[in-house]
Each structure stands twice: as C-alpha cells, then as structure tokens.
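Reading through the structure tokens given below for one structure.
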Amino acid sequence: MKPALFRFFLTLTLLPFLWTAAGAQAVGFPELGSALPGRTDATYLDLARMVIPDLAADQDGFYRGGLPIEMRHIERPDGGGSPPETSGFSNAAVLAIKAGGKDRLAMLFDLGDSPDSAEGYAVLALYDVTAKPKLLDAVNVALDRGTYFREPGKLSVGTNDDVLITMSAHSIQARTM
C-alpha cells in the first residue's frame with residue numbers, strides 16, 4: 001500500500017477519536033433561575049427572556065411563555081414551521097463557544113411542535129455575556145420533532161472559532177445526555 005493511501009486510511013480511522021477529544025466541554029443543563037458563572041446580575045432565565053419575553057416558571061418548575069421573538073429558519077427564509085402559540089420547557093442546553101475570537105454562550109431551547117409543520121420548533125440563541133448580556137442572534141434550527149446538541153456539541157475549527165452541532169430526530173427517547 002502506498003504511504004499516502006495508508007496515511008489517509010489511518011486518518012479516517014482516528015478521526016472519530018480526534019473529533020471526540022476536540023469537543024471536550026460538555027453541554028450543560030443549568031437551572032434557568034441560576035446565575036451565570038461568575039455573575040450575580042444575570043441568570044439563564046434573563047437570557048431566555050430575550051427570546052421569549054414573557055417566560056416564567058410555574059409551580060412545578062416548568063417554564064412557560066408565549067411566542068418567541070421573530071427569527072429565521074436555519075435552512076432558508078421560508079423554511080420551517082411557525083412557533084407554537086405557547087412555549088414551554090423545563091431546561092435549556094447551554095454551551096460556551098468561541099466565535100470570531102470572542103467568548104460567547106449558545107443556548108438551545110426546544111419549544112416543541114410547530115402547529116403547521118411536521119417539524120418541531122427549536123431556537124438556537126447566541127449571546128455575548130462578557131458585559132451586560134446581549135442577544136446576538138437567534139435562529140430556528142429544528143429539522144424534525146426533537147432538537148438537541150449532538151455529541152460533541154461543538155468542534156474547534158481554529159483558534160478563534162467553534163462550529164455547533166445540533167441534531168433533530170423524530171423520536172429522541174433513547175438518547176443519553
């Protein structure tokens with residue numbers, strides 16, 4: 001076998017192990033009412049309210065609110081369905097990332113089923129939390145019913161940028177976190 005071909009096959013064999021090592025930081029599921037790390041002036045709920053302004057906890061610890069802010073679908077402007085009339089979830093997936101060399105925070109909210117599509121509705125929001133928290137972008141990333149960060153949740157594509165990896169599936173009961 002030629003050395004170049006051997007190196008290619010060796011790289012393909014080792015790629016899954018390198019991919020796993022690159023995403024060393026795990027996705028977190030903090031209590032939404034808890035403060036952001038190292039902060040006393042902002043909570044994850046404050047960030048979530050930038051996407052769903054009237055979001056509030058009920059007596060069971062479930063978070064409910066109305067419609068999220070207007071946003072585009074990840075695939076195309078006319079893609080995806082409408083958001084559910086009421087939003088509800090118990091937690092959100094959180095992941096610290098690098099974007100353009102800056103520290104950012106990504107949050108993924110699976111809001112459930114879309115009323116006019118076979119897809120669900122899941123918001124991927126990007127925040128700057130280095131000073132006063134600011135929503136930088138929000139997009140519907142649902143491509144099927146349940147949407148979550150796939151393992152690993154991110155891959156480094158250089159010293160200054162990470163790529164986020166989400167997945168949508170029709171049935172996600174068997175997945176582990």
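Residues are named by chain letter and number: chains run A, B, ... in the order of the structure tokens, numbers start at 1 in each chain, and ligands are numbered from 1 in the order shown.
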Using only C-alpha atoms, which residues of stretch 106-153 of chain A come within 7 Å of stretch 68-83 of chain A, and what is the closest atom pair for each, with the distance in Å to one decimal? Give it as a tab-separated table, sorted by chain and residue number.
```
residue	atom	partner	partner_atom	distance
A:Ser114	CA	A:Pro83	CA	5.3
A:Pro115	CA	A:Ser82	CA	6.5
A:Asp116	CA	A:Gly81	CA	5.7
A:Ser117	CA	A:Gly81	CA	4.9
A:Glu119	CA	A:Gly81	CA	6.7
A:Tyr121	CA	A:Pro83	CA	5.8
A:Ala138	CA	A:Met71	CA	6.2
A:Val139	CA	A:Arg72	CA	5.4
A:Asn140	CA	A:His73	CA	4.7
A:Val141	CA	A:Ile74	CA	5.3
```
Worksheet item: Can you list every residue in stretch 65-121 of chain A that DSSP puts in strand (DSSP E or B), as a PyMOL selection string?
Response: chain A and resi 65+72-73+87-89+93-99+102-113+120-121
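Backbone DSSP over stretch 2-174 of chain A yields alpha helix (DSSP H) at A:Pro3, A:Ala4, A:Leu5, A:Phe6, A:Arg7, A:Phe8, A:Phe9, A:Leu10, A:Thr11, A:Leu12, A:Thr13, A:Leu14, A:Leu15, A:Pro16, A:Phe17, A:Leu18, A:Trp19, A:Thr20, A:Ala21, A:Ala22, A:Tyr44, A:Leu45, A:Asp46, A:Leu47, A:Ala48, A:Arg49.
Within 6 Å of A:Gly65, once only C-alpha atoms are used and residues closer than 2 positions along the same chain are dropped, the contacting residues are Asp54, Leu55, Thr86 and Ser87 of chain A.
From atom CA of A:Leu136 back to atom CA of A:Lys102, the distance works out to 12.3 Å.
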